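**Q** Pasting a structure below so you can have a look.
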Amino acid sequence: DVIGMSGLLVKSTVIMKENLEELNQRKMAADFPVILGGAALTRAYVEQDLHEIYEGEVRYARDAFEGLRLMDALIAVKRGVPGATLPELKRRRVPKREPVVLDEQLGGGRSDVALDNRVPKPPFFGTRVIKGIQLKEYASWLDEGALFKGQWGLKGDTIEKEGRPRLRMWLDRLRTDNLLEAAVVHGYFPCVSKGDDLIVLDEDRSELTRFSFPRQRRGRRLCLADYFRSEESGETDVVGLQVVTVGSRIGAATAELFESDSYRDYLELHGLSVQLAEALAEYWHARVRDQLGIAGSDPQSMDGMFRTEYQGCRYSLGYPACPDLEDRAKIAALLQPERIGVELSEEFQLHPEQSTDAIVIHHPEATYFNAGGRT
């Protein structure tokens with residue numbers, strides 16, 4: 001009766017658009033309403049931007065319970081129940097601006113990113129595997145705001161009254177039941193840039209692989225490759241790569257809760273597992289900055305960390321500056337994450353789900369940006 005899709009990662013915004021366009025092409029929009037939700041999606045994006053794309057009904061569900069209410073409304077409308085209606089779409093407060101299409105020949109070449117920054121010396125070249133990381137080592141990196149508000153949907157007083165006691169309960173259970181298998185594989189590689197490409201080198205300076213990144217078509221014309229020494233400079237730079245996971249046990253426990261219809265526990269544990277994987281990634285990212293000798297500018301507060309007020313950004317595949325998910329295969333070939341139980345699917349998704357990969361760039365000007373006309 002209805003198609004439902006959940007987007008948990010930022011790349012899902014692009015995937016959802018492609019899925020809706022495919023449903024249009026298959027002439028399915030008239031028969032199948034769509035419900036979308038997940039951490040990567042917002043009501044405004046679904047009910048404004050995606051609504052303009054999909055030729056049928058599309059609605060946003062914040063959680064499973066709103067999804068059930070939407071199902072009731074959609075089925076009632078489909079059956080012709082008198083008075084049955086769908087909730088109002090979220091209206092756009094700011095008029096949508098048409099994208100500016102620029103002539104690619106007008107933008108110029110490389111951006112104005114500095115070329116004289118210090119290239120740090122890593123503690124080693126190649127890869128290292130670290131297993132058995134204890135929860136106490138990375139628990140302090142848990143973004144409680146993202147957990148309580150984004151994953152669990154709590155607001156105001158309920159965060160203190162319900163959220164924190166439930167979080168303590170879950171953390172105790174994770175320790176007691178030994179549900180976490182935190183592990184990391186990371187490495188440092190010599191590299192150079194050439195145009196929009198980052199060329200990763202072996203220690204003998206032969207090419208191992210290369211990443212081709214999109215470049216902004218306006219503004220500073222930023223591209224991730226600009227943050228590395230160019231091949232023409234005769235110098236060699238360094239890039240960090242990492243894959244982290246909290247293991248498969250917590251995913252199996254989450255699946256058991258879903259099968260037993262324990263929906264609140266399921267939603268809480270799943271949301272916590274996603275945020276713990278991110279906390280582990282943040283924790284190890286800090287270790288990488290320390291090993292590269294660029295952690296001196298790290299902020300004292302955790303809020304500052306979450307606002308990326310430090311040198312050395314971490315870019316995950318699927319984000320606007322590095323949107324090509326197929327590049328995950330290149331990271332996997334270099335790091336061999338199967339050594340920590342992480343595999344790459346044919347759709348370039350990491351399994352277990354509670355895993356992340358990243359490219360760490362040491363350049364002091366490295367920042368997050370949209371590139372290639374993507375949003």
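Going by the structure tokens order, chains are called A, B, ..., each with residues numbered from 1, while ligands are numbered from 1 in the order shown.
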Please provide the set of residues having any atom within 9 Å of A:Met28, restricted to only C-alpha atoms, with same-chain residues fewer than 4 positions apart removed, written as a list in words.
**A**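 Using only C-alpha atoms, the neighbours found are Glu22, Leu23, Asn24, Phe32, Glu55 and Gly56 of chain A.
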**Q** Set the distance at 12 Å and use only C-alpha atoms: which residues neighbour A:Gln134 once local chain neighbours fewer than 6 positions away are removed? I'd like the list as number ranges by chain.
**A** A: 140, 174-175, 178-184, 246, 276, 280, 283
**Q** For N, CA, C and O atoms, I'd like the residues from the last selection saved as a CSV table (one decimal), in the first residue's frame.
**A**
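Ended up saving to out_19.csv:
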chain,number,residue,atom,x,y,z
A,140,SER,N,33.0,9.5,26.4
A,140,SER,CA,32.9,10.9,26.6
A,140,SER,C,32.7,11.7,25.3
A,140,SER,O,32.4,12.9,25.3
A,174,LEU,N,25.1,-2.4,28.0
A,174,LEU,CA,26.1,-2.7,27.0
A,174,LEU,C,27.4,-3.3,27.6
A,174,LEU,O,28.0,-4.2,27.0
A,175,ARG,N,27.7,-2.8,28.8
A,175,ARG,CA,28.9,-3.4,29.5
A,175,ARG,C,28.6,-4.8,30.0
A,175,ARG,O,29.4,-5.7,29.8
A,178,ASN,N,28.2,-7.3,27.3
A,178,ASN,CA,29.3,-7.3,26.4
A,178,ASN,C,28.9,-7.2,24.9
A,178,ASN,O,29.3,-8.0,24.0
A,179,LEU,N,28.1,-6.2,24.6
A,179,LEU,CA,27.6,-6.0,23.3
A,179,LEU,C,28.5,-5.2,22.3
A,179,LEU,O,28.1,-5.0,21.2
A,180,LEU,N,29.5,-4.6,22.9
A,180,LEU,CA,30.4,-3.7,22.0
A,180,LEU,C,31.7,-4.4,21.7
A,180,LEU,O,32.3,-5.1,22.5
A,181,GLU,N,32.1,-4.3,20.5
A,181,GLU,CA,33.4,-4.8,20.0
A,181,GLU,C,34.1,-3.7,19.2
A,181,GLU,O,34.5,-3.9,18.0
A,182,ALA,N,34.4,-2.6,19.9
A,182,ALA,CA,35.0,-1.5,19.3
A,182,ALA,C,36.4,-1.8,18.7
A,182,ALA,O,37.2,-2.3,19.4
A,183,ALA,N,36.6,-1.4,17.5
A,183,ALA,CA,37.9,-1.7,16.8
A,183,ALA,C,38.1,-0.6,15.8
A,183,ALA,O,37.2,0.0,15.2
A,184,VAL,N,39.4,-0.4,15.4
A,184,VAL,CA,39.8,0.6,14.5
A,184,VAL,C,40.9,0.0,13.6
A,184,VAL,O,41.8,-0.7,14.0
A,246,VAL,N,31.8,-0.5,16.0
A,246,VAL,CA,31.5,-0.9,17.4
A,246,VAL,C,31.0,-2.4,17.3
A,246,VAL,O,30.5,-3.0,18.3
A,276,LEU,N,27.2,5.9,19.1
A,276,LEU,CA,28.5,5.4,19.7
A,276,LEU,C,29.5,5.1,18.6
A,276,LEU,O,30.7,5.3,18.8
A,280,LEU,N,33.1,6.9,18.6
A,280,LEU,CA,34.4,6.2,18.4
A,280,LEU,C,35.2,6.8,17.3
A,280,LEU,O,36.4,7.0,17.4
A,283,TYR,N,36.7,10.0,18.7
A,283,TYR,CA,37.8,9.7,19.6
A,283,TYR,C,39.0,9.3,18.8
A,283,TYR,O,40.1,9.8,19.2
**Q** Enter the distance from atom CA of A:Met5 to atom CA of A:Glu18, in Å, rounded to one decimal.
**A**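 Between atom CA of A:Met5 and atom CA of A:Glu18 the gap is 12.4 Å.
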**Q** If we count only C-alpha atoms and set the cut-off at 9 Å, which residues sit around stretch 337-345 of chain A, ignoring sequence neighbours fewer than 6 positions away in its own chain? Please answer as a list in words.
**A**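 So, after excluding close chain neighbours, the residues are Val129, Ile130, Lys131, Ala182, Ala183, Val184, Val185, His186, Val243, Val244, Thr245, Gly247, Ser248, Arg328, Ala329, Ile331, His351, Pro352 and Ser355 of chain A.
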**Q** Which residues are near A:Glu256? Cut-off 12 Å, only C-alpha atoms, ignore same chain within fewer than 5 positions. Put them as a PDB file with C-alpha atoms, in the first residue's frame.
**A**
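Printed below is around.pdb as written:
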ATOM      1  CA  ARG A 249      26.709  -7.779  18.457  1.00  0.00           C
ATOM      2  CA  ILE A 250      24.877  -4.527  19.156  1.00  0.00           C
ATOM      3  CA  GLY A 251      23.183  -4.751  15.754  1.00  0.00           C
ATOM      4  CA  ASP A 261       7.973  -5.802  19.085  1.00  0.00           C
ATOM      5  CA  SER A 262       9.952  -3.903  21.750  1.00  0.00           C
ATOM      6  CA  TYR A 263       9.831  -0.766  19.654  1.00  0.00           C
ATOM      7  CA  ASP A 265      13.907  -0.265  23.242  1.00  0.00           C
ATOM      8  CA  TYR A 266      14.666  -0.917  19.571  1.00  0.00           C
ATOM      9  CA  LEU A 267      14.615   2.781  18.642  1.00  0.00           C
ATOM     10  CA  LEU A 269      19.356   1.044  21.237  1.00  0.00           C
ATOM     11  CA  HIS A 270      19.608   1.568  17.494  1.00  0.00           C
TER      12      HIS A 270
END
**Q** Go through A:Pro33, A:Gly271, A:Gly234, A:Pro190 one by one, measure the shortest atom-to-atom distance of each to A:Trp152 using only C-alpha atoms, and give the residue with the smallest value.
**A**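 Among A:Pro33, A:Gly271, A:Gly234, A:Pro190, it is A:Gly271 that comes nearest to A:Trp152.
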**Q** Which residue is closest to A:Gly145? Choose from A:Phe348, A:Tyr319, A:Phe125, A:Phe306 and count only C-alpha atoms.
**A** A:Phe306
**Q** Write out as a ChimeraX atom specification the set of residues from stretch 47-265 of chain A that DSSP, computed on the backbone, places in strand (DSSP E or B).
**A** /A:58-60,126-131,183-194,197-201,207-212,230,237-245
**Q** Residues of stretch 135-347 of chain A classed as alpha helix (DSSP H) by DSSP on the backbone are to be reported as an MDAnalysis selection string.
**A** chainID A and resid 135:138 144:145 157:158 164:176 249:259 263:291 302:306 328:335
**Q** Considering only C-alpha atoms, state which residue in the set A:Val58, A:Leu142, A:Ala84, A:Ala371 is at the smallest distance from A:Arg217.
**A**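 Of A:Val58, A:Leu142, A:Ala84, A:Ala371, the one nearest A:Arg217, counting only C-alpha atoms, is A:Ala371.
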**Q** If we count only C-alpha atoms, what is near A:Asp303 at a cut-off of 12 Å, once residues fewer than 2 positions away on the same chain are taken out, given as an NGL selection string?
**A** :A and (140-146 or 298-301 or 305-310)
**Q** Output C-alpha atoms of each residue in that selection to a file, as a short mmCIF file (atom, residue, chain, number, x, y, z; two decimals), in the first residue's frame.
**A**
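Output file result27.cif follows:
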data_model
loop_
_atom_site.label_atom_id
_atom_site.label_comp_id
_atom_site.auth_asym_id
_atom_site.auth_seq_id
_atom_site.Cartn_x
_atom_site.Cartn_y
_atom_site.Cartn_z
CA SER A 140 32.90 10.94 26.64
CA TRP A 141 32.80 11.67 22.89
CA LEU A 142 29.12 10.73 22.69
CA ASP A 143 27.11 13.65 21.30
CA GLU A 144 24.22 13.61 23.75
CA GLY A 145 22.39 16.38 21.90
CA ALA A 146 22.35 14.35 18.70
CA ASP A 298 41.92 21.55 19.91
CA PRO A 299 39.23 23.33 21.97
CA GLN A 300 38.88 22.55 25.67
CA SER A 301 35.13 21.90 25.57
CA MET A 305 34.93 19.62 19.31
CA PHE A 306 31.48 18.95 17.88
CA ARG A 307 31.65 22.36 16.17
CA THR A 308 34.96 21.24 14.57
CA GLU A 309 36.96 24.08 16.14
CA TYR A 310 40.24 22.27 15.50
#
**Q** Would you please work out which residue, of A:Gln336, A:Gln216, A:Ser230, A:Thr176, is nearest to A:Gly195 when using only C-alpha atoms?
**A**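 When distances to A:Gly195 are compared using only C-alpha atoms, the smallest one comes from A:Ser230.
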**Q** Expressed in Å to a single decimal, how great is the separation between atom CA of A:Arg128 and atom CA of A:Gln311?
**A**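 Atom CA of A:Gln311 lies 22.6 Å from atom CA of A:Arg128.
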